[in-house]
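File shown: protein-v5.txt (compact mmCIF, C-alpha atoms).
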# COMPACT_ATOMS: atom_id res chain seq x y z
CA MET D 468 167.59 43.44 95.26
CA ILE D 469 165.11 43.07 92.45
CA VAL D 470 162.64 41.66 94.96
CA LEU D 471 162.99 44.73 97.17
CA ILE D 472 162.51 47.02 94.18
CA ALA D 473 159.44 45.03 93.20
CA VAL D 474 158.01 45.35 96.73
CA ALA D 475 158.63 49.10 96.66
CA LEU D 476 157.04 49.30 93.21
CA GLY D 477 153.96 47.38 94.36
CA VAL D 478 153.52 49.54 97.47
CA SER D 479 153.96 52.81 95.60
CA LEU D 480 151.65 51.72 92.77
CA GLY D 481 148.98 50.82 95.28
CA LEU D 482 149.38 54.05 97.23
CA VAL D 483 149.66 56.37 94.23
CA LEU D 484 146.96 54.91 92.02
CA GLN D 485 144.60 54.01 94.88
CA PRO D 486 142.65 51.71 92.60
CA THR D 487 139.07 51.21 93.67
CA VAL D 488 138.08 47.59 93.67
CA PRO D 489 134.64 47.02 92.13
CA LEU D 490 132.05 46.11 94.73
CA ASP D 491 131.51 42.64 93.25
CA LEU D 492 135.17 41.77 93.73
CA GLN D 493 135.53 43.08 97.27
CA PRO D 494 134.66 39.84 99.06
CA TYR D 495 137.55 38.13 97.26
CA LEU D 496 140.15 40.71 98.24
CA PRO D 497 141.00 39.28 101.70
CA ILE D 498 141.20 35.80 100.22
CA ALA D 499 143.50 37.04 97.47
CA VAL D 500 145.68 38.69 100.12
CA VAL D 501 146.01 35.47 102.08
CA ALA D 502 146.79 33.52 98.90
CA ALA D 503 149.39 36.09 97.87
CA LEU D 504 151.02 35.95 101.29
CA ASP D 505 151.11 32.17 101.07
CA ALA D 506 152.88 32.33 97.69
CA LEU D 507 155.36 34.93 98.96
CA PHE D 508 156.26 32.98 102.08
CA GLY D 509 156.57 29.79 100.04
CA GLY D 510 158.91 31.54 97.63
CA VAL D 511 161.10 32.91 100.41
CA ARG D 512 161.33 29.51 102.05
CA ALA D 513 162.22 27.83 98.75
CA TRP D 514 164.85 30.51 98.17
CA LEU D 515 166.40 29.85 101.56
CA GLU D 516 166.34 26.10 100.90
CA ALA D 517 168.03 26.77 97.55
CA ILE D 518 165.30 25.11 95.51
CA PHE D 519 163.63 28.31 94.27
CA ASP D 520 162.10 28.04 90.84
CA ASP D 521 160.67 31.05 89.07
CA ARG D 522 158.02 29.10 87.18
CA VAL D 523 156.72 27.35 90.27
CA PHE D 524 156.66 30.68 92.11
CA VAL D 525 154.69 32.53 89.45
CA VAL D 526 152.31 29.69 88.76
CA SER D 527 151.69 29.05 92.45
CA PHE D 528 150.92 32.72 93.05
CA VAL D 529 148.51 33.10 90.14
CA ALA D 530 146.87 29.72 90.73
CA ASN D 531 146.55 30.28 94.48
CA VAL D 532 144.78 33.61 94.04
CA LEU D 533 142.54 32.36 91.25
CA VAL D 534 141.60 29.05 92.87
CA ALA D 535 140.97 30.65 96.25
CA SER D 536 138.75 33.32 94.68
CA LEU D 537 136.97 30.71 92.58
CA ILE D 538 136.24 28.56 95.61
CA VAL D 539 134.78 31.54 97.44
CA TYR D 540 132.79 32.53 94.34
CA VAL D 541 131.31 29.05 94.02
CA GLY D 542 130.65 29.06 97.76
CA ASP D 543 128.82 32.37 97.46
CA LYS D 544 126.62 30.91 94.74
CA LEU D 545 125.88 27.89 96.94
CA GLY D 546 125.29 29.99 100.03
CA VAL D 547 128.31 28.70 101.93
CA GLY D 548 130.72 31.47 100.90
CA GLY D 549 131.49 32.45 104.48
CA GLN D 550 132.36 28.90 105.50
CA LEU D 551 134.50 28.31 102.43
CA SER D 552 136.40 31.57 103.00
CA THR D 553 137.01 30.42 106.55
CA SER D 554 138.32 27.08 105.31
CA ILE D 555 140.67 28.81 102.86
CA VAL D 556 141.92 31.19 105.52
CA VAL D 557 142.52 28.23 107.87
CA VAL D 558 144.36 26.13 105.30
CA LEU D 559 146.48 28.95 103.90
CA GLY D 560 147.01 30.37 107.37
CA ILE D 561 148.48 27.09 108.60
CA ARG D 562 150.69 26.96 105.52
CA ILE D 563 151.88 30.53 105.99
CA PHE D 564 152.59 29.81 109.62
CA SER D 565 154.62 26.67 108.98
CA ASN D 566 156.52 28.34 106.15
CA ALA D 567 157.27 31.29 108.39
CA ALA D 568 158.45 28.87 111.06
CA ALA D 569 160.74 27.14 108.57
CA ILE D 570 162.14 30.49 107.43
CA ARG D 571 162.70 31.46 111.04
CA ARG D 572 164.54 28.20 111.76
CA ARG D 573 166.74 28.72 108.74
CA VAL D 574 167.49 32.39 109.39
CA PHE D 575 167.97 32.31 113.14
CA ARG D 576 168.96 28.65 113.46
CA ALA D 577 166.51 28.37 116.30
CA MET A 1038 149.47 24.66 93.67
CA ALA A 1039 151.17 23.30 90.60
CA SER A 1040 150.41 19.69 89.93
CA THR A 1041 153.13 17.29 90.85
CA THR A 1042 153.57 13.62 91.32
CA PRO A 1043 152.61 12.94 94.89
CA PRO A 1044 155.52 11.76 96.99
CA GLN A 1045 155.45 8.18 98.20
CA ARG A 1046 153.66 7.93 101.51
CA ARG A 1047 153.65 5.20 104.04
CA GLN A 1048 150.42 4.42 105.87
CA ARG A 1049 150.16 6.40 109.06
CA ALA A 1050 148.36 5.29 112.18
CA ASP A 1051 146.43 8.52 112.13
CA ALA A 1052 145.78 8.39 108.41
CA SER A 1053 142.20 9.56 108.77
CA MET A 1054 143.39 12.62 110.67
CA SER A 1055 146.15 13.43 108.22
CA LEU A 1056 144.75 16.69 106.89
CA LEU A 1057 146.35 18.95 109.46
CA VAL A 1058 149.61 16.96 109.46
CA ASP A 1059 149.76 17.16 105.66
CA LEU A 1060 149.15 20.86 105.85
CA SER A 1061 152.13 21.52 108.04
CA THR A 1062 154.53 18.97 106.50
CA ASP A 1063 153.70 19.96 102.92
CA ALA A 1064 153.59 23.64 103.74
CA LEU A 1065 156.11 24.35 101.04
CA ASP A 1066 154.62 23.86 97.61
CA PRO A 1067 155.82 20.39 96.50
CA GLY A 1068 156.37 21.99 93.09
CA TYR A 1069 159.63 23.52 94.30
CA ALA A 1070 161.11 20.16 95.28
CA ALA A 1071 159.93 18.62 92.01
CA ALA A 1072 161.44 21.44 89.96
CA ALA A 1073 164.72 21.18 91.83
CA ALA A 1074 164.81 17.43 91.25
CA ARG A 1075 164.08 17.94 87.58
CA LYS A 1076 166.88 20.48 87.27
CA ARG A 1077 169.30 18.22 89.07
CA ALA A 1078 168.36 15.33 86.77
CA ALA A 1079 168.78 17.49 83.67
CA GLY A 1080 172.03 18.83 85.04
CA VAL A 1081 171.12 22.43 84.20
CA ASP A 1082 171.50 25.30 86.60
CA ASP A 1083 169.51 28.11 85.10
CA ARG A 1084 169.31 31.47 86.83
CA PRO A 1085 165.75 32.47 87.72
CA ARG A 1086 164.13 34.93 85.33
CA TRP A 1087 164.21 37.89 87.65
CA ALA A 1088 161.81 40.02 85.67
CA LEU A 1089 159.12 37.38 86.08
CA VAL A 1090 159.78 36.99 89.78
CA GLY A 1091 159.88 40.74 90.28
CA ALA A 1092 156.57 41.21 88.45
CA THR A 1093 154.92 38.55 90.59
CA VAL A 1094 156.25 40.01 93.82
CA ALA A 1095 155.08 43.45 92.71
CA ALA A 1096 151.64 42.05 91.87
CA ALA A 1097 151.38 40.29 95.25
CA THR A 1098 152.42 43.45 97.08
CA LEU A 1099 149.95 45.45 95.05
CA VAL A 1100 147.12 43.10 96.04
CA ILE A 1101 148.04 43.43 99.72
CA VAL A 1102 148.35 47.21 99.57
CA VAL A 1103 145.09 47.58 97.65
CA ALA A 1104 143.32 45.46 100.26
CA ALA A 1105 144.78 47.58 103.05
CA VAL A 1106 143.83 50.83 101.30
CA GLN A 1107 140.34 49.50 100.64
CA THR A 1108 139.82 48.50 104.25
CA ARG A 1109 141.04 51.86 105.48
CA ALA A 1110 138.81 53.68 103.01
CA SER A 1111 135.66 51.80 103.97
CA ALA A 1112 136.16 51.94 107.75
CA PRO A 1113 135.52 55.70 108.14
CA ALA A 1114 132.47 55.42 105.89
CA ALA A 1115 130.87 52.89 108.25
CA ALA A 1116 131.75 54.98 111.29
CA LYS A 1117 130.44 58.10 109.57
CA SER A 1118 127.03 56.62 108.77
CA ARG A 1119 126.81 55.32 112.34
CA SER A 1120 127.54 58.68 113.89
CA ALA A 1121 125.12 60.32 111.43
CA LEU A 1122 122.40 57.96 112.63
CA ILE A 1123 123.21 58.69 116.27
CA ALA A 1124 123.09 62.42 115.56
CA ALA A 1125 119.71 62.03 113.85
CA VAL A 1126 118.34 60.10 116.83
CA ASP A 1127 119.63 62.75 119.25
CA ARG A 1128 118.12 65.52 117.13
CA GLN A 1129 114.73 63.83 116.99
CA SER A 1130 114.77 63.16 120.75
CA ALA A 1131 115.51 66.84 121.34
CA THR A 1132 112.59 67.76 119.10
CA VAL A 1133 110.29 65.42 120.99
CA ASP A 1134 111.45 66.93 124.30
CA ARG A 1135 110.83 70.44 123.03
CA LEU A 1136 107.36 69.56 121.77
CA GLU A 1137 106.49 67.89 125.06
CA ARG A 1138 107.61 70.96 126.98
CA SER A 1139 105.47 73.17 124.77
CA ILE A 1140 102.52 70.82 125.32
CA ALA A 1141 103.04 71.13 129.07
CA THR A 1142 103.13 74.94 128.97
CA LEU A 1143 100.11 75.11 126.71
CA SER A 1144 98.01 72.80 128.86
CA ALA A 1145 99.04 74.69 131.98
CA GLU A 1146 97.88 77.87 130.27
CA GLN A 1147 94.67 76.20 129.20
CA ALA A 1148 94.04 74.98 132.74
CA LYS A 1149 94.60 78.47 134.11
CA LEU A 1150 92.19 79.99 131.61
CA ARG A 1151 89.63 77.29 132.33
CA ASP A 1152 89.89 77.85 136.07
CA ALA A 1153 89.58 81.60 135.57
CA SER A 1154 86.43 81.26 133.49
CA LEU A 1155 84.91 78.68 135.88
CA ALA A 1156 85.68 80.70 139.00
CA SER A 1157 83.15 83.41 138.01
CA THR A 1158 80.14 81.25 138.93
CA GLY A 1159 79.44 79.05 141.95
CA ALA A 1160 78.66 75.97 139.87
CA GLY A 1161 81.82 76.64 137.92
CA ALA A 1162 83.93 76.74 141.08
CA ALA A 1163 82.52 73.37 142.19
CA LEU A 1164 83.31 71.97 138.75
CA ALA A 1165 86.87 73.33 138.97
CA ARG A 1166 87.34 71.55 142.30
CA ARG A 1167 86.11 68.28 140.79
CA ILE A 1168 88.45 68.71 137.84
CA ALA A 1169 91.40 69.35 140.16
CA ALA A 1170 90.62 66.23 142.20
CA ALA A 1171 90.28 64.13 139.06
CA GLU A 1172 93.56 65.45 137.66
CA LEU A 1173 95.31 64.76 140.95
CA ALA A 1174 94.14 61.17 140.84
CA LEU A 1175 94.97 60.80 137.15
CA GLY A 1176 98.53 61.98 137.57
CA ASN A 1177 98.08 65.06 135.40
CA LEU A 1178 99.21 67.36 138.21
CA ALA A 1179 102.62 67.59 139.80
CA VAL A 1180 102.35 66.48 143.42
CA VAL A 1181 104.31 66.86 146.63
CA GLY A 1182 104.22 64.68 149.69
CA PRO A 1183 106.00 62.26 151.99
CA GLY A 1184 106.78 58.79 150.75
CA LEU A 1185 109.30 56.14 149.88
CA ARG A 1186 112.30 56.23 147.57
CA VAL A 1187 113.32 52.83 146.16
CA THR A 1188 116.60 52.54 144.28
CA LEU A 1189 117.47 49.68 141.92
CA ALA A 1190 120.75 49.53 140.04
CA ASP A 1191 122.60 47.07 137.84
CA GLY A 1192 125.43 45.04 139.34
CA SER A 1193 128.98 46.08 138.54
CA ALA A 1194 129.61 43.55 135.76
CA ALA A 1195 126.48 44.33 133.82
CA SER A 1196 125.47 41.13 132.09
CA GLY A 1197 122.50 38.81 132.35
CA ASN A 1198 121.27 38.25 135.88
CA ASN A 1199 122.85 41.27 137.52
CA ARG A 1200 120.88 43.70 135.38
CA VAL A 1201 117.61 45.15 136.54
CA SER A 1202 114.88 43.81 134.29
CA ASP A 1203 111.56 45.33 133.34
CA ARG A 1204 109.83 42.60 135.34
CA GLN A 1205 111.64 43.57 138.54
CA LEU A 1206 110.81 47.22 138.02
CA GLN A 1207 107.17 46.33 137.35
CA ASP A 1208 107.04 44.20 140.48
CA VAL A 1209 108.50 46.97 142.62
CA VAL A 1210 106.02 49.51 141.24
CA ASN A 1211 103.10 47.13 141.77
CA ALA A 1212 104.24 46.37 145.30
CA LEU A 1213 104.35 50.09 146.00
CA TRP A 1214 100.80 50.56 144.67
CA THR A 1215 99.73 47.66 146.88
CA ALA A 1216 101.51 49.23 149.84
CA GLY A 1217 99.32 52.29 149.49
CA ALA A 1218 101.19 54.63 147.15
CA GLU A 1219 99.09 57.43 145.70
CA ALA A 1220 101.54 58.60 143.05
CA ILE A 1221 104.63 56.92 141.63
CA ALA A 1222 107.40 58.08 139.32
CA VAL A 1223 110.35 56.13 137.88
CA ASN A 1224 113.44 58.27 137.28
CA GLY A 1225 111.18 61.32 137.30
CA GLN A 1226 108.73 59.78 134.83
CA ARG A 1227 105.27 59.88 136.39
CA LEU A 1228 103.24 56.71 136.10
CA THR A 1229 99.54 56.77 135.27
CA ALA A 1230 96.91 54.16 134.62
CA GLN A 1231 98.19 53.93 131.06
CA SER A 1232 101.89 53.67 131.84
CA ALA A 1233 103.91 50.71 130.65
CA ILE A 1234 107.28 49.45 131.83
CA ARG A 1235 108.91 47.11 129.42
CA GLN A 1236 112.21 46.06 127.97
CA ALA A 1237 113.52 46.68 124.45
CA GLY A 1238 116.88 45.08 123.95
CA ASP A 1239 119.14 46.28 126.74
CA ALA A 1240 117.07 49.29 127.68
CA VAL A 1241 114.15 49.48 130.08
CA LEU A 1242 111.43 51.70 128.68
CA VAL A 1243 109.08 53.59 130.96
CA ASP A 1244 106.26 55.01 128.87
CA PHE A 1245 108.44 54.45 125.80
CA ARG A 1246 111.22 56.57 127.28
CA PRO A 1247 114.49 54.64 127.64
CA GLN A 1248 115.79 54.71 131.22
CA VAL A 1249 119.20 53.69 132.48
CA SER A 1250 120.39 52.28 135.77
CA PRO A 1251 120.11 53.40 138.55
CA TYR A 1252 116.33 53.36 138.60
CA VAL A 1253 114.88 55.56 141.32
CA VAL A 1254 111.26 54.81 142.07
CA THR A 1255 109.61 57.56 144.11
CA ALA A 1256 106.21 56.91 145.64
CA ILE A 1257 104.07 59.32 147.61
CA GLY A 1258 101.89 57.82 150.30
CA PRO A 1259 101.76 57.11 154.03
CA ALA A 1260 105.52 56.84 154.47
CA VAL A 1261 105.81 54.70 157.60
CA ASP A 1262 102.93 52.44 156.67
CA MET A 1263 104.21 52.06 153.14
CA GLU A 1264 107.71 51.24 154.29
CA THR A 1265 106.45 48.48 156.56
CA ARG A 1266 104.13 46.99 153.98
CA PHE A 1267 106.58 47.28 151.10
CA GLY A 1268 109.38 45.82 153.22
CA ALA A 1269 107.18 42.86 154.13
CA SER A 1270 106.04 42.27 150.55
CA ARG A 1271 107.07 39.23 148.59
CA THR A 1272 108.60 41.46 145.90
CA ALA A 1273 110.94 43.12 148.40
CA ALA A 1274 111.98 39.72 149.76
CA ARG A 1275 112.69 38.46 146.27
CA MET A 1276 114.61 41.60 145.35
CA ARG A 1277 116.71 41.32 148.51
CA GLY A 1278 117.58 37.74 147.55
CA THR A 1279 118.40 38.74 143.98
CA SER A 1280 120.58 41.62 145.11
CA GLN A 1281 122.51 39.35 147.47
CA LEU A 1282 122.89 36.70 144.81
CA TYR A 1283 123.84 38.83 141.79
CA GLY A 1284 125.15 42.01 143.33
CA LEU A 1285 122.55 44.38 141.96
CA ARG A 1286 121.55 47.27 144.15
CA PHE A 1287 118.21 47.36 145.91
CA ASP A 1288 117.40 49.67 148.80
CA TYR A 1289 114.61 51.93 149.95
CA ALA A 1290 114.26 54.79 152.39
CA ARG A 1291 111.54 57.10 153.70
CA ALA A 1292 111.53 60.65 152.41
CA SER A 1293 109.65 63.45 154.10
CA ARG A 1294 109.14 65.47 150.93
CA LEU A 1295 109.04 64.08 147.42
CA THR A 1296 108.10 66.05 144.33
CA LEU A 1297 106.62 64.11 141.45
CA PRO A 1298 106.13 65.76 138.06
CA ALA A 1299 102.89 65.69 136.12
CA ALA A 1300 102.41 62.95 133.60
CA PRO A 1301 102.01 64.05 129.99
CA ASP A 1302 98.39 64.32 128.93
CA ALA A 1303 96.83 61.01 128.04
CA THR A 1304 95.58 60.79 124.50
CA LEU A 1305 92.41 58.78 124.33
CA ARG A 1306 91.84 57.86 120.73
CA PHE A 1307 88.99 55.38 121.03
CA ALA A 1308 87.46 55.77 124.48
CA ARG A 1309 84.78 58.44 124.85
CA PRO A 1310 82.41 59.31 127.67
CA ALA A 1311 79.70 56.66 128.03
CA THR A 1312 76.92 59.14 128.94
CA ALA A 1313 76.27 62.55 127.48
CA ALA A 1314 75.91 63.91 131.03
CA THR A 1315 79.62 63.36 131.79
CA PRO A 1316 80.84 66.90 132.13
CA ARG A 1317 84.06 66.81 130.16
CA GLY A 1318 86.62 64.93 128.18
CA HIS A 1319 90.24 65.10 129.15
CA SER A 1320 91.81 68.41 129.92

Final structure tokens representation of the file:
Amino acid sequence: MIVLIAVALGVSLGLVLQPTVPLDLQPYLPIAVVAALDALFGGVRAWLEAIFDDRVFVVSFVANVLVASLIVYVGDKLGVGGQLSTSIVVVLGIRIFSNAAAIRRRVFRA
Amino acid sequence: MASTTPPQRRQRADASMSLLVDLSTDALDPGYAAAAARKRAAGVDDRPRWALVGATVAAATLVIVVAAVQTRASAPAAAKSRSALIAAVDRQSATVDRLERSIATLSAEQAKLRDASLASTGAGAALARRIAAAELALGNLAVVGPGLRVTLADGSAASGNNRVSDRQLQDVVNALWTAGAEAIAVNGQRLTAQSAIRQAGDAVLVDFRPQVSPYVVTAIGPAVDMETRFGASRTAARMRGTSQLYGLRFDYARASRLTLPAAPDATLRFARPATAATPRGHS
């Protein structure tokens, strides 16, 4: 319930405020999205497996977004930003996919 | 990615390839399992702090929504600048066309005035005849006559070898000159001694004007003779082979009456008459 309210709150905040992301931060936005999705799917899976822990959830979300953005930032400075973003998208994408698969198995028993 | 004690692992046969396997087996943050084990060991069963979880979920959703809004906001901007550029190009092309038309009318007027003033004297009339002959040969006059119409067109799946290249167009034009053509136009663009056919990216430029397939090359000359000689030329043989191989179109037919437009006036910036006795510059 609280989670649904929080989702609604996030969506409405984003749509109402329409915050403009500074140009310097824009390259990190897609990476942050992927990291956030990874944390969300991980949390849902942990919830379904009855091992959800609020601290791990919060820390994994914040750390995922920060570390992913940091890696891309460092990559940009070294001139390999594009490749490092790709690597992050690949790694987190695989994780999201396997977590989604686990959730699916648990929900649909298939 | 909270730090945890790594779980005990046995050596795998594919240990050096373990990255992808690790990714899918450890997809769930190991922190959850560790926290659960800790709780079980401590024997506590605390309820999650929902406010914290809710705030994080809201933050994550916000990030996703902001990214979506941002992407949507910047997409029309890119499309807008693109269409603005296209509009500018179209506008400038229209201006160039208009200016060229006005040049054509003005030079026609000038030619008429010149002929009128020359016609008053006998020497002038002879000069006017020489000018007309020179202009005919130069391509500065529209001409009518029998000839050959050669059509080249890209193959259906336009990519690579089944596109007509500038080289093929050049070869066809040169073969037509060799076959005895007196005047040639490509897609209604009259060729002169200064004309160039070349490629820029995907477009074939004839005298710096982009042309698109099909390319119709019209040549005025002795029609029957030209057809025989062009058909027997090495270029025609090669084009026939290419068209069979890659499916591009190549055919030619006699035409009893072709009308070729005048070429725009040549601008000579450096060349000038070698002797003072030469009667005129360009018209």

> Out of D:Arg512, D:Tyr495, D:Val539, D:Ala502, which residue has the shortest atom-to-atom distance to Ser527 (chain D) when counting all atoms listed in the file?
Replying inline: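 Among D:Arg512, D:Tyr495, D:Val539, D:Ala502, it is D:Ala502 that comes nearest to Ser527 (chain D).
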
> Interatomic distance between CA of Met1263 (chain A) and CA of Gly1182 (chain A)?
Replying inline: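 Distance between the two atoms: 13.1 Å.
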
> At most 12 Å from (90.7, 58.4, 137.0), file frame, only C-alpha atoms: which residues, as number ranges by chain?
Replying inline: A: 1167-1177, 1229-1231, 1303, 1318-1319

> To one decimal place, how far is CA of Trp1087 (chain A) from CA of Ile469 (chain D) in Å?
Replying inline: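 CA of Trp1087 (chain A) sits 7.1 Å away from CA of Ile469 (chain D).
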
Counting only C-alpha atoms, what are the residues of chain A within 10 Å of chain D, and for each of them which pair of atoms is the nearest and at what distance in Å, to one decimal? Sort the table by chain and rising number, as CSV.
residue,atom,partner,partner_atom,distance
A:Met1038,CA,D:Ser527,CA,5.1
A:Ala1039,CA,D:Ser527,CA,6.1
A:Ser1040,CA,D:Ser527,CA,9.8
A:Leu1056,CA,D:Val558,CA,9.6
A:Leu1057,CA,D:Ile561,CA,8.5
A:Asp1059,CA,D:Arg562,CA,9.8
A:Leu1060,CA,D:Arg562,CA,6.3
A:Ser1061,CA,D:Ser565,CA,5.8
A:Thr1062,CA,D:Ser565,CA,8.1
A:Asp1063,CA,D:Arg562,CA,8.1
A:Ala1064,CA,D:Arg562,CA,4.8
A:Leu1065,CA,D:Gly509,CA,5.6
A:Asp1066,CA,D:Gly509,CA,6.7
A:Pro1067,CA,D:Val523,CA,9.4
A:Gly1068,CA,D:Val523,CA,6.1
A:Tyr1069,CA,D:Ile518,CA,6.0
A:Ala1070,CA,D:Ile518,CA,6.5
A:Ala1071,CA,D:Ile518,CA,9.1
A:Ala1072,CA,D:Asp520,CA,6.7
A:Ala1073,CA,D:Ile518,CA,5.4
A:Ala1074,CA,D:Ile518,CA,8.8
A:Lys1076,CA,D:Ile518,CA,9.6
A:Asp1083,CA,D:Asp520,CA,9.4
A:Arg1084,CA,D:Asp520,CA,8.9
A:Pro1085,CA,D:Asp521,CA,5.4
A:Arg1086,CA,D:Asp521,CA,6.4
A:Trp1087,CA,D:Ile469,CA,7.1
A:Ala1088,CA,D:Ile469,CA,8.1
A:Leu1089,CA,D:Asp521,CA,7.2
A:Val1090,CA,D:Asp521,CA,6.0
A:Gly1091,CA,D:Ala473,CA,5.2
A:Ala1092,CA,D:Ala473,CA,6.7
A:Thr1093,CA,D:Val525,CA,6.1
A:Val1094,CA,D:Ala473,CA,6.0
A:Ala1095,CA,D:Gly477,CA,4.4
A:Ala1096,CA,D:Gly477,CA,6.3
A:Ala1097,CA,D:Ala503,CA,5.3
A:Thr1098,CA,D:Gly477,CA,5.0
A:Leu1099,CA,D:Gly477,CA,4.5
A:Val1100,CA,D:Val500,CA,6.2
A:Ile1101,CA,D:Val500,CA,5.3
A:Val1102,CA,D:Gly481,CA,5.6
A:Val1103,CA,D:Gly481,CA,5.6
A:Ala1104,CA,D:Leu496,CA,6.1
A:Ala1105,CA,D:Pro497,CA,9.2
A:Val1106,CA,D:Gln485,CA,7.2
A:Gln1107,CA,D:Thr487,CA,7.3
A:Thr1108,CA,D:Pro497,CA,9.6
A:Ala1110,CA,D:Thr487,CA,9.7

>> Need to verify the contact set: Gly1161 (chain A), 10 Å, all atoms listed in the file, exclusion of same-chain residues closer than 6 positions in sequence. Can you return it as a PyMOL selection string?
In response: chain A and resi 1151-1155+1167

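Residues surrounding Thr1265 (chain A) within 10 Å are Ala1216, Ala1260 and Ser1270 of chain A [all atoms listed in the file; sequence separation below 5 positions excluded].
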
>> With only C-alpha atoms as the counted atoms, please give the residues lying no more than 7 Å from region 1254-1256 of chain A, apart from itself and same-chain residues fewer than 6 positions off, as an MDAnalysis selection string.
In response: chainID A and resid 1184:1188 1218 1220:1224

>> So the first atom is CA of Val1180 (chain A) and the second is CA of Leu1297 (chain A); what is the distance between them in Å, to one decimal place?
In response: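 Distance between the two atoms: 5.3 Å.
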
> Counting all atoms listed in the file, what is within 12 Å of region 1234-1249 of chain A, bar same-chain residues fewer than 2 positions away, as JSON, numbers by chain?
Replying inline: {"A": [1130, 1133, 1134, 1189, 1190, 1191, 1195, 1196, 1197, 1200, 1201, 1202, 1203, 1204, 1205, 1206, 1207, 1208, 1209, 1210, 1211, 1222, 1223, 1224, 1225, 1226, 1227, 1228, 1229, 1230, 1231, 1232, 1251, 1252, 1253, 1254, 1300, 1301, 1303]}

> Neighbours of Gly549 (chain D) within 12 Å (all atoms listed in the file; same-chain residues fewer than 3 positions away dropped), as a VMD selection string?
Replying inline: chain D and resid 494 to 495 498 538 to 546 552 to 556

> Counting all atoms listed in the file, which of D:Leu515, D:Ala535, D:Leu492, D:Val547 gets nearest to Arg571 (chain D)?
Replying inline: D:Leu515

Edge lengths and centre in Å, axis-aligned, region 513-520 of chain D plus 4 Å each side, as AutoDock Vina command-line options:
--center_x 165.1 --center_y 27.8 --center_z 96.2 --size_x 13.9 --size_y 13.4 --size_z 18.7
